[in-house]
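Source file start-v5.pdb; content: PDB, C-alpha atoms.
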MODEL        1
ATOM      1  CA  ALA A  68    -255.149 137.078 149.111
ATOM      2  CA  VAL A  69    -256.221 136.622 145.519
ATOM      3  CA  LYS A  70    -258.859 139.106 144.379
ATOM      4  CA  ASP A  71    -259.971 137.810 140.974
ATOM      5  CA  GLU A  72    -259.564 135.035 138.425
ATOM      6  CA  LYS A  73    -256.659 136.780 136.689
ATOM      7  CA  GLU A  74    -254.686 136.957 139.968
ATOM      8  CA  TYR A  75    -255.649 133.359 140.739
ATOM      9  CA  ARG A  76    -254.345 132.150 137.372
ATOM     10  CA  ALA A  77    -251.132 134.163 137.776
ATOM     11  CA  LYS A  78    -250.572 132.765 141.280
ATOM     12  CA  LEU A  79    -251.282 129.228 140.084
ATOM     13  CA  ALA A  80    -248.863 129.612 137.156
ATOM     14  CA  GLU A  81    -246.213 130.931 139.547
ATOM     15  CA  MET A  82    -246.682 127.942 141.875
ATOM     16  CA  ILE A  83    -246.482 125.451 139.001
ATOM     17  CA  ALA A  84    -243.389 127.152 137.566
ATOM     18  CA  ALA A  85    -241.653 127.003 140.961
ATOM     19  CA  GLN A  86    -242.389 123.277 141.283
ATOM     20  CA  LEU A  87    -241.212 122.597 137.724
ATOM     21  CA  ARG A  88    -237.985 124.540 138.399
ATOM     22  CA  GLN A  89    -237.423 122.401 141.483
ATOM     23  CA  ASP A  90    -238.067 119.208 139.490
ATOM     24  CA  SER A  91    -235.736 120.392 136.726
ATOM     25  CA  ASN A  92    -232.993 121.133 139.255
ATOM     26  CA  TYR A  93    -233.433 117.646 140.719
ATOM     27  CA  ARG A  94    -233.130 116.137 137.222
ATOM     28  CA  PHE A  95    -229.917 118.137 136.747
ATOM     29  CA  THR A  96    -228.427 116.677 139.928
ATOM     30  CA  LEU A  97    -229.219 113.130 138.790
ATOM     31  CA  ASP A  98    -227.755 113.681 135.335
ATOM     32  CA  ALA A  99    -224.691 115.528 136.651
ATOM     33  CA  HIS A 100    -224.042 112.739 139.165
ATOM     34  CA  ASP A 101    -224.172 110.118 136.402
ATOM     35  CA  VAL A 102    -221.867 112.101 134.094
ATOM     36  CA  LEU A 103    -219.372 112.804 136.867
ATOM     37  CA  MET A 104    -219.274 109.190 138.034
ATOM     38  CA  ALA A 105    -218.816 107.967 134.451
ATOM     39  CA  LYS A 106    -216.004 110.476 133.981
ATOM     40  CA  ALA A 107    -214.338 109.351 137.234
ATOM     41  CA  GLY A 108    -214.504 105.737 136.093
ATOM     42  CA  SER A 109    -213.606 102.910 138.399
ATOM     43  CA  LEU A 110    -211.857 104.190 141.500
ATOM     44  CA  GLU A 111    -209.170 102.165 143.194
ATOM     45  CA  MET A 112    -210.402 101.492 146.709
ATOM     46  CA  PRO A 113    -208.674  99.826 149.666
ATOM     47  CA  VAL A 114    -211.059  96.865 149.564
ATOM     48  CA  GLU A 115    -209.759  94.818 152.484
ATOM     49  CA  PHE A 116    -209.397  97.875 154.714
ATOM     50  CA  LEU A 117    -212.975  98.969 153.947
ATOM     51  CA  LYS A 118    -214.355  95.501 154.621
ATOM     52  CA  LYS A 119    -212.604  95.431 158.009
ATOM     53  CA  TRP A 120    -213.968  98.911 158.720
ATOM     54  CA  LEU A 121    -217.501  97.777 157.815
ATOM     55  CA  LYS A 122    -217.287  94.833 160.220
ATOM     56  CA  ARG A 123    -216.084  97.091 163.026
ATOM     57  CA  LYS A 124    -218.612  99.831 162.298
ATOM     58  CA  ASP A 125    -221.696  97.602 162.105
ATOM     59  CA  GLU A 126    -222.172  94.598 164.339
ATOM     60  CA  LYS A 127    -224.575  93.081 161.763
ATOM     61  CA  VAL A 128    -221.731  92.816 159.229
ATOM     62  CA  ASN A 129    -219.683  89.640 159.472
ATOM     63  CA  ASP A 130    -217.495  87.385 157.318
ATOM     64  CA  GLU A 131    -220.562  85.889 155.628
ATOM     65  CA  ASN A 132    -222.193  89.136 154.488
ATOM     66  CA  VAL A 133    -219.281  91.589 154.282
ATOM     67  CA  ASP A 134    -218.890  91.200 150.499
ATOM     68  CA  ALA A 135    -222.567  92.039 149.888
ATOM     69  CA  GLU A 136    -222.441  94.974 152.334
ATOM     70  CA  TYR A 137    -219.270  96.272 150.675
ATOM     71  CA  ASP A 138    -220.949  96.113 147.250
ATOM     72  CA  LYS A 139    -223.900  98.095 148.658
ATOM     73  CA  MET A 140    -221.737 100.846 150.168
ATOM     74  CA  LEU A 141    -219.238 101.157 147.310
ATOM     75  CA  PRO A 142    -221.250 103.537 145.057
ATOM     76  CA  ALA A 143    -221.818 105.958 147.969
ATOM     77  CA  ALA A 144    -218.142 105.790 148.964
ATOM     78  CA  GLU A 145    -217.017 106.482 145.395
ATOM     79  CA  TRP A 146    -219.483 109.374 145.088
ATOM     80  CA  GLN A 147    -218.196 110.802 148.379
ATOM     81  CA  LEU A 148    -214.629 110.824 147.014
ATOM     82  CA  VAL A 149    -215.685 112.419 143.720
ATOM     83  CA  LYS A 150    -217.815 114.971 145.560
ATOM     84  CA  GLU A 151    -214.963 115.940 147.915
ATOM     85  CA  LYS A 152    -212.527 116.368 145.002
ATOM     86  CA  LEU A 153    -215.008 118.477 143.038
ATOM     87  CA  ALA A 154    -215.867 120.612 146.061
ATOM     88  CA  LYS A 155    -212.184 121.314 146.577
ATOM     89  CA  ASP A 156    -211.552 122.025 142.869
ATOM     90  CA  LEU A 157    -214.579 124.329 142.612
ATOM     91  CA  GLY A 158    -213.871 126.108 145.907
ATOM     92  CA  VAL A 159    -217.093 125.011 147.589
ATOM     93  CA  LYS A 160    -217.066 125.970 151.246
ATOM     94  CA  VAL A 161    -219.782 125.598 153.847
ATOM     95  CA  GLU A 162    -220.058 128.397 156.379
ATOM     96  CA  GLU A 163    -222.016 128.365 159.623
ATOM     97  CA  ALA A 164    -224.500 130.800 158.037
ATOM     98  CA  ASP A 165    -225.173 128.222 155.296
ATOM     99  CA  LEU A 166    -225.903 125.584 157.923
ATOM    100  CA  LYS A 167    -228.168 127.932 159.862
ATOM    101  CA  ALA A 168    -230.139 128.777 156.703
ATOM    102  CA  ALA A 169    -230.517 125.069 155.852
ATOM    103  CA  ALA A 170    -231.606 124.240 159.406
ATOM    104  CA  THR A 171    -234.148 127.080 159.316
ATOM    105  CA  ARG A 172    -235.567 125.816 155.998
ATOM    106  CA  LEU A 173    -235.774 122.288 157.427
ATOM    107  CA  ALA A 174    -237.558 123.496 160.561
ATOM    108  CA  ALA A 175    -240.041 125.545 158.499
ATOM    109  CA  GLN A 176    -240.660 122.549 156.192
ATOM    110  CA  GLN A 177    -241.358 120.308 159.149
ATOM    111  CA  PHE A 178    -243.874 122.758 160.563
ATOM    112  CA  ALA A 179    -245.468 123.076 157.106
ATOM    113  CA  GLN A 180    -245.903 119.293 156.918
ATOM    114  CA  TYR A 181    -248.324 119.639 159.795
ATOM    115  CA  GLY A 182    -250.116 122.581 158.205
ATOM    116  CA  MET A 183    -248.359 125.143 160.409
ATOM    117  CA  THR A 184    -247.254 127.775 157.914
ATOM    118  CA  ASN A 185    -247.405 130.892 160.103
ATOM    119  CA  VAL A 186    -245.047 129.801 162.870
ATOM    120  CA  PRO A 187    -243.244 132.783 164.430
ATOM    121  CA  ASP A 188    -239.629 133.236 163.325
ATOM    122  CA  ASP A 189    -238.260 132.843 166.843
ATOM    123  CA  VAL A 190    -239.898 129.399 167.176
ATOM    124  CA  VAL A 191    -238.534 128.267 163.779
ATOM    125  CA  GLU A 192    -235.078 129.581 164.733
ATOM    126  CA  LYS A 193    -235.182 127.695 168.041
ATOM    127  CA  TYR A 194    -235.946 124.436 166.213
ATOM    128  CA  ALA A 195    -233.181 125.224 163.706
ATOM    129  CA  ALA A 196    -230.732 125.746 166.586
ATOM    130  CA  ASP A 197    -231.820 122.383 168.042
ATOM    131  CA  PHE A 198    -231.075 120.703 164.686
ATOM    132  CA  LEU A 199    -227.619 122.270 164.610
ATOM    133  CA  ALA A 200    -226.909 121.185 168.189
ATOM    134  CA  ASP A 201    -227.739 117.553 167.374
ATOM    135  CA  GLU A 202    -224.599 115.960 165.866
ATOM    136  CA  LYS A 203    -226.565 113.591 163.608
ATOM    137  CA  TYR A 204    -228.737 116.384 162.175
ATOM    138  CA  ARG A 205    -225.698 118.635 161.861
ATOM    139  CA  ARG A 206    -223.794 116.048 159.784
ATOM    140  CA  SER A 207    -226.862 115.523 157.616
ATOM    141  CA  LEU A 208    -227.235 119.290 157.095
ATOM    142  CA  ILE A 209    -223.550 119.618 156.208
ATOM    143  CA  ASP A 210    -223.920 116.863 153.596
ATOM    144  CA  ARG A 211    -227.049 118.504 152.184
ATOM    145  CA  VAL A 212    -225.500 121.977 152.025
ATOM    146  CA  VAL A 213    -222.291 120.669 150.448
ATOM    147  CA  GLU A 214    -224.303 118.892 147.756
ATOM    148  CA  ASP A 215    -226.512 121.929 147.120
ATOM    149  CA  LYS A 216    -223.528 124.257 146.842
ATOM    150  CA  LEU A 217    -221.586 121.717 144.792
ATOM    151  CA  PHE A 218    -224.372 121.307 142.231
ATOM    152  CA  ASP A 219    -224.771 125.105 142.079
ATOM    153  CA  ALA A 220    -221.022 125.362 141.366
ATOM    154  CA  ILE A 221    -221.213 122.599 138.751
ATOM    155  CA  ARG A 222    -224.198 124.299 137.110
ATOM    156  CA  ALA A 223    -222.189 127.543 136.937
ATOM    157  CA  ALA A 224    -219.095 125.754 135.559
ATOM    158  CA  VAL A 225    -220.778 123.941 132.670
ATOM    159  CA  THR A 226    -222.682 125.023 129.621
ATOM    160  CA  LEU A 227    -226.228 123.777 129.838
ATOM    161  CA  GLU A 228    -228.311 123.033 126.811
ATOM    162  CA  GLU A 229    -231.816 123.855 127.990
ATOM    163  CA  LYS A 230    -234.724 122.290 126.205
ATOM    164  CA  ASP A 231    -238.462 122.800 126.629
ATOM    165  CA  VAL A 232    -240.315 119.527 127.084
ATOM    166  CA  THR A 233    -243.819 118.524 127.949
ATOM    167  CA  VAL A 234    -244.605 117.209 131.413
ATOM    168  CA  ASP A 235    -245.019 113.716 129.929
ATOM    169  CA  GLU A 236    -241.602 113.905 128.222
ATOM    170  CA  PHE A 237    -240.036 115.098 131.463
ATOM    171  CA  ASN A 238    -241.679 112.324 133.497
ATOM    172  CA  ALA A 239    -240.473 109.773 130.916
ATOM    173  CA  LEU A 240    -236.887 110.687 131.883
ATOM    174  CA  PHE A 241    -237.524 109.273 135.342
ATOM    175  CA  LYS A 242    -239.360 106.197 134.088
ATOM    176  CA  ALA A 243    -236.442 105.332 131.786
ATOM    177  CA  GLU A 244    -234.172 105.007 134.844
ATOM    178  CA  LYS A 245    -236.365 102.415 136.551
TER     179      LYS A 245
ENDMDL
END
Take the structure in the file and write it out as structure tokens.
Amino acid sequence: AVKDEKEYRAKLAEMIAAQLRQDSNYRFTLDAHDVLMAKAGSLEMPVEFLKKWLKRKDEKVNDENVDAEYDKMLPAAEWQLVKEKLAKDLGVKVEEADLKAAATRLAAQQFAQYGMTNVPDDVVEKYAADFLADEKYRRSLIDRVVEDKLFDAIRAAVTLEEKDVTVDEFNALFKAEK
């Protein structure tokens, strides 16, 4: 509980700084992705094989729309290959404890969305275990943890040039992409 205006201002500044750090980290992931993909250049892909795979994987894909669907999935497929190579080169490994921590954060976030911020740990852990038991959620958590750990490893491997900017200047970085 905040007791006076000074504590209130300090708490508010702390909350804003945490959000700005999160936004800055997100900006880093976008910029790092773009630099890495540019560095990788055009990747040679087994086009015909992937188109056949798309048609088998998704009943909505057929001879008429396979080229468009392939063009849509290509950037994600290329990023997946670059990401896997980088993870291997940088020694990124995902342990079960990493998955459990991510599932616990996800469960707590979902409760918080509904205003439930004081949920007992055992309830949050049960929901986290349910996420890990569900194959779809598990794959999604693995992808998320790999990306988080990969960008942490990239951040540690490069020299960052940090620059203070105003909120408007920072927001302009996102508008320039649109």
**Report entry** Given the PyMOL selection byres ((chain A and resi 77-92) around 12), the residues it picks as a PyMOL selection string
**Finding:** chain A and resi 68-76+93-99+215+218-219+221-222+227+229-234+237-238+240-241
Query - Counting all atoms listed in the file, the option among A:Leu166, A:Asp138, A:Glu236, A:Asp189 closest to Ile209 in chain A - result: A:Leu166
Report task. Name the closest residue to Ala223 in chain A among the candidates A:Gln177, A:Phe198, A:Leu157, A:Thr171; distances are taken between atoms, counting all atoms listed in the file. Result -> A:Leu157
Requested in this report: Can you pull out every residue within 12 Å of Phe178 in chain A, counting all atoms listed in the file, but drop anything in the same chain fewer than 2 positions away, and send it as an MDAnalysis selection string?
Outcome: chainID A and resid 171:176 180:188 190:192 194:195
Requested in this report: For the structure shown, which residues end up in the PyMOL selection byres ((chain A and resi 118) around 10)? Put them as a list in words, please?
Outcome: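 After applying the PyMOL selection byres ((chain A and resi 118) around 10), what remains is Pro113, Val114, Glu115, Phe116, Leu117, Lys119, Trp120, Leu121, Lys122, Arg123, Lys124, Val128, Asn129, Asp130, Val133, Asp134, Glu136, Tyr137 and Asp138 of chain A.
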Report task. Tell me which protein, DNA and RNA residues are within 10 Å of Ala107 in chain A, counting only C-alpha atoms, leaving out same-chain ones fewer than 6 positions away, and put them as a VMD selection string. Result -> chain A and resid 101 145 to 146 148 to 149
Output file for the residues above (C-alpha atoms, as a compact mmCIF listing (two decimals), keeping the file's coordinate frame):
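result_1.txt, written as the output of this step:
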# COMPACT_ATOMS: atom_id res chain seq x y z
CA ASP A 101 -224.17 110.12 136.40
CA GLU A 145 -217.02 106.48 145.40
CA TRP A 146 -219.48 109.37 145.09
CA LEU A 148 -214.63 110.82 147.01
CA VAL A 149 -215.68 112.42 143.72
Report task. In Å, rounded to a single decimal, give me how far CA of Leu217 in chain A is from CA of Lys167 in chain A. Result ->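 Going from CA of Lys167 in chain A over to CA of Leu217 in chain A, I get 17.6 Å.
Taking CA of Gly158 in chain A and CA of Ala220 in chain A as the two end points, the separation is 8.5 Å.
Note that CA of Glu214 in chain A and CA of Lys150 in chain A are 7.9 Å apart.
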Report task. Using all atoms listed in the file, pick whichever of A:Val225, A:Val212, A:Met104, A:Leu199 has the shortest atom-to-atom distance to Gln147 in chain A. Result -> A:Met104
Query raised in the report: Using only C-alpha atoms, which of the listed residues (A:Ala196, A:Leu208, A:Met112, A:Met140) sits closest to Glu162 in chain A?
Result: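 Using only C-alpha atoms, the shortest distance to Glu162 in chain A belongs to A:Leu208.
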If the box runs along x, y and z of the file and leaves 5 Å on each side of range 178-196 of chain A, what are its centre and edge lengths in Å, one decimal, as JSON?
{"center_x": -240.4, "center_y": 126.3, "center_z": 162.5, "size_x": 29.4, "size_y": 23.9, "size_z": 21.1}
